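What follows is one structure encoded as structure tokens, with my remarks underneath.
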Amino acid sequence: MVVSPESLNRAQVMNHIRSALFSGLHENKTCNSSTFTMLPCGPALSFVRCLVRKKNVSGESLEDSKLCRCLSTMDLLALGVGSTLGAGVYVLTGEVAKSESGPSIVVSFLIAALASVMAGLCYAEFGARVPKTGSAYLYTYVTVGELWAFITGWNLILAYVIGTSSVARAWSSTFDELLGKQISHIFRTYFKINYSGLAEYPDFFAVFLVLLLAGLLSFGVKESARVNKIFTAINILVLLFVMISGFVKGDADNWKISEEYLINLTAVTKNCSSYENVTSIYGSGGFMPYGFSGTLAGAATCFYAFVGFDCIATTGEEVKNPQKAIPFGIVVSLLVCFLAYFGVSAALTLMMPYYLLDENPLPAAFEYVGWGPAKYVVAAGSLCALSTSLLGSVFPLPRILFAMARDGLLFSFLAKLSKRQAPVYATLTAGVISAIMAFLFDLKALVDMMSVGTLLAYSLVATCVLILRYQPSLSYEQPKYSPEKAALAASERESAVSESQINMIQEKHFSLQALINPSSLPTEQTATTVSFLVGLLACLVCGLSVLTTYMNHSIANLELWSIGLLAGFMTSFIVTILLIQRQPQNRHKVAFMVPLVPFLPSLSILVNIYLMVQLSGDTWIRFSLWMALGFLIYFAYGIRHSLEGHRSNGDDESCSENSGLQEKNPVEEVDEPENANESDQFLAHERTSEC
């Protein structure tokens with residue numbers, strides 16, 4: 001065979017590069033080993049590694065799921081819409097329109113929808129990348145590490161338990177209203193509770209509802225999905241009736257109420273003898289009676305109306321074709337919910353002046369326009385909405401428990417399945433805990449804790465998307481071995497490795513030049529840089545949120561120190577995003593990817609953390625107690641029984657046995673981590689199977 005001078009020169013250059021690389025790695029390895037030998041930090045280092053170890057699903061196959069894979073894309077869409085489009089559309093619209101936004105509540109819902117879509121897109125990408133049971137808990141586990149994953153899962157458990165209990169009590173209260181409050185009268189008479197922190201009376205009806213739904217879910221997911229579709233369809237039909245009625249009986253003048261009229265109304269309400277020096281308590285009138293700040297305040301409240309779509313992400317092992325169905329279900333369900341909220345709020349404020357709305361706005365609006373009997377249609381839709389919202393809260397909770405127990409972080413009996421391939425023990429446990437909460441506790445003080453868990457999960461999923469996009473290698477499937485595929489892969493690696501090796505030599509030491517003008521392909525150094533920048537971004541967002549929340553008076557008064565601090569935080573926030581944007585992204589494509597990375601995930605983190613800072617101090621104290629209980633369980637049980645911990649221990653033993661062989665063959669020493677990276681933590685393809 002004739003060898004050309006060009007190929008010979010290329011081979012010499014490659015050998016020179018490899019020699020330099022291996023010598024550098026050998027020097028670093030010797031230096032690091034001597035450093036660790038001198039410092040007595042072995043146990044501490046092992047403990048830290050336990051906290052940051054990541055879940056590796058590269059050896060798993062999605063088709064081996066033990067859960068029943070029987071849900072369709074329409075089932076997911078109904079689950080997302082039913083869970084998100086709950087009782088809020090029947091109650092929240094009136095409260096926000098009257099006290100915060102006025103007719104501009106439609107704009108508030110638009111802003112809230114855009115903020116929610118940013119979180120939904122992040123969930124959708126992970127649903128395409130890791131279509132497994134676990135939602136934000138799993139996404140955090142495979143990207144950030146075990147401790148953050150446990151924190152996420154533990155808070156999701158709290159959010160779903162409180163959500164289930166509060167919706168069950170709301171269902172019971174709505175049904176009691178239809179019966180003239182006879183049920184509550186009987187319970188107050190014979191079962192009254194006079195202890196602070198507990199409910200006024202035990203709600204037996206709410207307990208019955210929760211246990212009934214838990215039994216239905218433990219029987220099978222297919223049957224509960226069928227019931228959910230029926231209730232969701234009724235809810236949508238009722239809301240369509242409300243929208244059509246509003247546009248038929250509505251009056252556009254209700255969006256043009258003058259300030260003078262509102263001042264006169266305020267004077268009459270307060271029994272003032274003169275209209276002079278009277279300030280309207282209903283704003284300045286018009287489309288935005290409370291100004292744009294009121295519209296933004298309404299948007300912050302309306303944001304919680306879109307919470308619930310994340311339950312779709314827990315169905316990764318129960319839906320057919322999850323990599324397409326999960327992103328589609330999340331995005332379309334958010335779109336449907338926005339259209340419903342937008343249409344109902346527009347119809348409501350057209351039918352009736354915003355200042356006359358109350359806690360039950362829809363029945364009052366139909367009474368106002370002379371359609372009194374329509375309130376019974378609204379009541380039926382409200383009960384159906386509460387039913388789907390209750391199912392949407394009960395459904396994901398056992399799947400989070402199941403995923404954490406399967407990974408060894410919670411007690412193993414929660415991972416057992418029934419003959420119908422449903423997580424029966426996790427479902428019944430979730431039902432009993434939620435029923436006890438609904439039976440005894442006053443949930444009004446605990447509802448804000450549900451927001452902490454949800455917003456924390458949203459923030460971490462957006463953070464994981466940022467980190468994941470800049471990893472150097474993202475191969476999702478272990479390919480079956482064949483000589484032809486191995487030769488083809490080796491030749492492809494040979495052409496791609498040269499640039500990455502050159503980049504590793506050039507970026508051996510961090511420099512500002514490497515930060516601003518990095519390599520064209522992602523490397524370990526660029527990935528580490530992005531991880532650091534994302535952590536810095538989170539700290540800047542926390543500082544910015546605290547400043548704008550607790551120092552807003554100083555900013556409004558244009559105090560120099562506050563303006564300087566605000567400008568510093570804003571500038572640092574923008575520069576950090578631009579530095580992340582400069583780093584090379586991984587070029588691997590999946591079924592769905594978040595657009596405009598890193599800008600959309602960064603804005604999602606900003607919105608979520610800002611809303612978390614708005615919560616009260618009492619909420620954070622209760623949250624700390626809940627986290628203390630969680631850390632007790634994790635450090636006493638989870639860290640010792642972690643499945644990834646057992647895997648890593650086995651890997652360490654095999655590595656120590658083969659250490660001599662690795663020293664004899666330095667090429668294998670470099671290729672092994674490369675292959676380990678290429679067979680990364682995610683999967684992309686599967687054959688769908690039915691039970």
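Each chain of the structure tokens is named A, B, ... in the order shown, its residues numbered from 1; ligands are numbered from 1 in display order.
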ask   = Got a sec: who's within 8 Å of Tyr290 (chain A), counting only C-alpha atoms, leaving out chain neighbours fewer than 4 positions off, as a list of chain:residue names?
value =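 Using only C-alpha atoms, the neighbours found are A:Glu100, A:Ser101, A:Gly102, A:Tyr282, A:Gly283, A:Ser284, A:Gly285, A:Gly294, A:Thr295.
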task = May I have the residues within 9 Å of region 327-340 of chain A as a PyMOL selection string, using only C-alpha atoms and disregarding those fewer than 2 positions away in the same chain?
result = chain A and resi 73-82+84-85+89+109-110+112-113+116-117+120-121+123-128+236+239-240+243+306+309-310+312-313+322-325+342-345+591-592
Tell me which protein, DNA and RNA residues are within 12 Å of Ala297 (chain A), counting only C-alpha atoms, leaving out same-chain ones fewer than 3 positions away, and put them as a PDB file with C-alpha atoms, in the first residue's frame.
ATOM      1  CA  VAL A  96     -58.186  39.289  40.050  1.00  0.00           C
ATOM      2  CA  ALA A  97     -60.439  41.440  37.874  1.00  0.00           C
ATOM      3  CA  SER A  99     -58.969  43.939  42.956  1.00  0.00           C
ATOM      4  CA  GLU A 100     -55.940  43.963  40.632  1.00  0.00           C
ATOM      5  CA  SER A 101     -56.456  44.106  36.867  1.00  0.00           C
ATOM      6  CA  GLY A 102     -59.980  45.098  35.910  1.00  0.00           C
ATOM      7  CA  SER A 104     -57.079  44.050  31.534  1.00  0.00           C
ATOM      8  CA  ILE A 105     -57.194  40.643  33.189  1.00  0.00           C
ATOM      9  CA  VAL A 107     -53.559  40.840  29.359  1.00  0.00           C
ATOM     10  CA  SER A 108     -52.668  39.442  32.793  1.00  0.00           C
ATOM     11  CA  PHE A 109     -53.518  35.947  31.586  1.00  0.00           C
ATOM     12  CA  ILE A 111     -48.390  37.524  30.444  1.00  0.00           C
ATOM     13  CA  ALA A 112     -48.898  34.628  32.863  1.00  0.00           C
ATOM     14  CA  TYR A 290     -55.249  49.978  38.244  1.00  0.00           C
ATOM     15  CA  GLY A 291     -52.540  50.846  35.719  1.00  0.00           C
ATOM     16  CA  PHE A 292     -49.998  48.553  34.136  1.00  0.00           C
ATOM     17  CA  SER A 293     -48.591  47.723  37.586  1.00  0.00           C
ATOM     18  CA  GLY A 294     -51.993  46.308  38.511  1.00  0.00           C
ATOM     19  CA  ALA A 300     -48.338  37.142  39.085  1.00  0.00           C
ATOM     20  CA  THR A 301     -51.563  35.763  40.574  1.00  0.00           C
ATOM     21  CA  CYS A 302     -52.767  34.304  37.272  1.00  0.00           C
ATOM     22  CA  PHE A 303     -49.441  32.452  36.883  1.00  0.00           C
ATOM     23  CA  LEU A 611     -42.375  34.598  42.644  1.00  0.00           C
ATOM     24  CA  GLN A 614     -42.819  37.047  47.176  1.00  0.00           C
TER      25      GLN A 614
END
message = Quick check, in Å to one decimal: how far apart do CA of Ala538 (chain A) and CA of Thr463 (chain A) lie?
response =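 Here the two named atoms are 8.6 Å from each other.
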request  = Can you list, as number ranges by chain, all residues belonging to region 154-372 of chain A that DSSP tags as alpha helix (DSSP H)?
outcome  = A: 154-178, 182-190, 204-219, 221-249, 259-269, 291-302, 322-351, 361-368
ask   = Between A:Gly372, A:Gly617, A:Gly298, A:Pro103, which is the closest to Asn254 (chain A) once you count only C-alpha atoms?
value =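 Of the candidates, the smallest distance to Asn254 (chain A) is held by A:Pro103.
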message = With distances taken over only C-alpha atoms, which residue among A:Val57, A:Val377, A:Met450, A:Leu114 lies nearest Arg622 (chain A)?
response =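 Nearest to Arg622 (chain A): A:Met450.
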task = Calculate how many Å separate CA of Thr174 (chain A) from CA of Phe395 (chain A), rounding to one decimal.
result =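 Between CA of Thr174 (chain A) and CA of Phe395 (chain A) the gap is 21.9 Å.
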remark   = Among A:Ser135, A:Ala149, A:Thr93, A:Val161, Val447 (chain A) is approached most closely, using only C-alpha atoms, by A:Val161
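With CA of Lys320 (chain A) on one side and CA of Ala462 (chain A) on the other, the separation reads 25.3 Å.
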task = Rank A:Cys122, A:Met351, A:Ala379, A:Val546 by their smallest atom-to-atom distance to Val238 (chain A), using only C-alpha atoms, and report the top residue only.
result =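 Looking at the shortest contact to Val238 (chain A), the residue is A:Ala379.
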message = So, with only C-alpha atoms as the atoms that count, which of A:Ala556, A:Leu515, A:Val142, A:Leu544 lies closest to Val130 (chain A)?
response =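 The closest residue to Val130 (chain A) is A:Val142.
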message = Quick one: residues within 7 Å of Met118 (chain A), only C-alpha atoms, excluding same-chain residues fewer than 6 positions away - as a ChimeraX atom specification?
response = /A:600-601,604
inquiry  = With only C-alpha atoms as the counted atoms, please give the residues lying no more than 7 Å from region 584-588 of chain A, apart from itself and same-chain residues fewer than 5 positions off, as a list in words.
reply    =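 Contacts, in chain order: Arg469, Tyr470, Gln471, Pro472, Ser473, Leu474, Ser519, Ser520, Leu521 and Pro522 of chain A.
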Restricting the output to all heavy atoms, write the selected residues as a PDB file, in the first residue's frame.
ATOM      1  N   ARG A 469     -27.615  21.472  27.638  1.00  0.00           N
ATOM      2  CA  ARG A 469     -27.382  21.873  26.248  1.00  0.00           C
ATOM      3  C   ARG A 469     -25.899  22.086  25.938  1.00  0.00           C
ATOM      4  O   ARG A 469     -25.502  22.038  24.774  1.00  0.00           O
ATOM      5  CB  ARG A 469     -28.127  23.163  25.960  1.00  0.00           C
ATOM      6  CG  ARG A 469     -29.598  22.992  25.689  1.00  0.00           C
ATOM      7  CD  ARG A 469     -29.841  22.320  24.347  1.00  0.00           C
ATOM      8  NE  ARG A 469     -31.240  22.457  23.992  1.00  0.00           N
ATOM      9  CZ  ARG A 469     -31.724  23.424  23.242  1.00  0.00           C
ATOM     10  NH1 ARG A 469     -30.908  24.347  22.780  1.00  0.00           N
ATOM     11  NH2 ARG A 469     -33.001  23.473  22.968  1.00  0.00           N
ATOM     12  N   TYR A 470     -25.095  22.327  26.958  1.00  0.00           N
ATOM     13  CA  TYR A 470     -23.688  22.654  26.726  1.00  0.00           C
ATOM     14  C   TYR A 470     -22.754  21.521  27.146  1.00  0.00           C
ATOM     15  O   TYR A 470     -21.557  21.738  27.290  1.00  0.00           O
ATOM     16  CB  TYR A 470     -23.328  23.948  27.479  1.00  0.00           C
ATOM     17  CG  TYR A 470     -24.080  25.143  26.967  1.00  0.00           C
ATOM     18  CD1 TYR A 470     -25.305  25.512  27.510  1.00  0.00           C
ATOM     19  CD2 TYR A 470     -23.593  25.900  25.902  1.00  0.00           C
ATOM     20  CE1 TYR A 470     -26.012  26.602  27.032  1.00  0.00           C
ATOM     21  CE2 TYR A 470     -24.286  26.991  25.417  1.00  0.00           C
ATOM     22  CZ  TYR A 470     -25.496  27.335  25.985  1.00  0.00           C
ATOM     23  OH  TYR A 470     -26.192  28.414  25.501  1.00  0.00           O
ATOM     24  N   GLN A 471     -23.307  20.321  27.342  1.00  0.00           N
ATOM     25  CA  GLN A 471     -22.465  19.172  27.647  1.00  0.00           C
ATOM     26  C   GLN A 471     -21.732  18.723  26.383  1.00  0.00           C
ATOM     27  O   GLN A 471     -22.247  18.846  25.276  1.00  0.00           O
ATOM     28  CB  GLN A 471     -23.309  18.032  28.206  1.00  0.00           C
ATOM     29  CG  GLN A 471     -23.930  18.338  29.557  1.00  0.00           C
ATOM     30  CD  GLN A 471     -22.894  18.661  30.616  1.00  0.00           C
ATOM     31  OE1 GLN A 471     -21.948  17.910  30.815  1.00  0.00           O
ATOM     32  NE2 GLN A 471     -23.067  19.789  31.284  1.00  0.00           N
ATOM     33  N   PRO A 472     -20.522  18.151  26.521  1.00  0.00           N
ATOM     34  CA  PRO A 472     -19.736  17.819  25.325  1.00  0.00           C
ATOM     35  C   PRO A 472     -20.267  16.642  24.528  1.00  0.00           C
ATOM     36  O   PRO A 472     -19.992  16.533  23.346  1.00  0.00           O
ATOM     37  CB  PRO A 472     -18.346  17.496  25.896  1.00  0.00           C
ATOM     38  CG  PRO A 472     -18.592  17.130  27.309  1.00  0.00           C
ATOM     39  CD  PRO A 472     -19.758  17.941  27.766  1.00  0.00           C
ATOM     40  N   SER A 473     -21.024  15.739  25.155  1.00  0.00           N
ATOM     41  CA  SER A 473     -21.486  14.573  24.406  1.00  0.00           C
ATOM     42  C   SER A 473     -22.829  14.155  24.947  1.00  0.00           C
ATOM     43  O   SER A 473     -23.025  14.060  26.150  1.00  0.00           O
ATOM     44  CB  SER A 473     -20.494  13.421  24.531  1.00  0.00           C
ATOM     45  OG  SER A 473     -20.909  12.326  23.754  1.00  0.00           O
ATOM     46  N   LEU A 474     -23.793  13.909  24.040  1.00  0.00           N
ATOM     47  CA  LEU A 474     -25.130  13.505  24.429  1.00  0.00           C
ATOM     48  C   LEU A 474     -25.599  12.394  23.513  1.00  0.00           C
ATOM     49  O   LEU A 474     -26.325  12.623  22.560  1.00  0.00           O
ATOM     50  CB  LEU A 474     -26.109  14.679  24.343  1.00  0.00           C
ATOM     51  CG  LEU A 474     -25.924  15.806  25.349  1.00  0.00           C
ATOM     52  CD1 LEU A 474     -26.881  16.929  25.036  1.00  0.00           C
ATOM     53  CD2 LEU A 474     -26.145  15.306  26.748  1.00  0.00           C
ATOM     54  N   SER A 519     -14.008  27.208  21.888  1.00  0.00           N
ATOM     55  CA  SER A 519     -13.904  26.343  20.714  1.00  0.00           C
ATOM     56  C   SER A 519     -15.269  26.186  20.050  1.00  0.00           C
ATOM     57  O   SER A 519     -16.310  26.506  20.631  1.00  0.00           O
ATOM     58  CB  SER A 519     -13.371  24.975  21.129  1.00  0.00           C
ATOM     59  OG  SER A 519     -14.251  24.364  22.054  1.00  0.00           O
ATOM     60  N   SER A 520     -15.268  25.675  18.847  1.00  0.00           N
ATOM     61  CA  SER A 520     -16.522  25.508  18.110  1.00  0.00           C
ATOM     62  C   SER A 520     -17.325  24.311  18.596  1.00  0.00           C
ATOM     63  O   SER A 520     -18.530  24.236  18.368  1.00  0.00           O
ATOM     64  CB  SER A 520     -16.227  25.345  16.615  1.00  0.00           C
ATOM     65  OG  SER A 520     -15.383  24.226  16.395  1.00  0.00           O
ATOM     66  N   LEU A 521     -16.671  23.346  19.263  1.00  0.00           N
ATOM     67  CA  LEU A 521     -17.347  22.180  19.811  1.00  0.00           C
ATOM     68  C   LEU A 521     -17.258  22.213  21.333  1.00  0.00           C
ATOM     69  O   LEU A 521     -16.269  22.678  21.892  1.00  0.00           O
ATOM     70  CB  LEU A 521     -16.713  20.887  19.292  1.00  0.00           C
ATOM     71  CG  LEU A 521     -16.879  20.596  17.808  1.00  0.00           C
ATOM     72  CD1 LEU A 521     -16.121  19.336  17.428  1.00  0.00           C
ATOM     73  CD2 LEU A 521     -18.353  20.451  17.446  1.00  0.00           C
ATOM     74  N   PRO A 522     -18.295  21.726  22.037  1.00  0.00           N
ATOM     75  CA  PRO A 522     -18.246  21.746  23.499  1.00  0.00           C
ATOM     76  C   PRO A 522     -17.202  20.774  24.043  1.00  0.00           C
ATOM     77  O   PRO A 522     -17.007  19.684  23.505  1.00  0.00           O
ATOM     78  CB  PRO A 522     -19.665  21.321  23.903  1.00  0.00           C
ATOM     79  CG  PRO A 522     -20.194  20.574  22.730  1.00  0.00           C
ATOM     80  CD  PRO A 522     -19.572  21.188  21.518  1.00  0.00           C
TER      81      PRO A 522
END
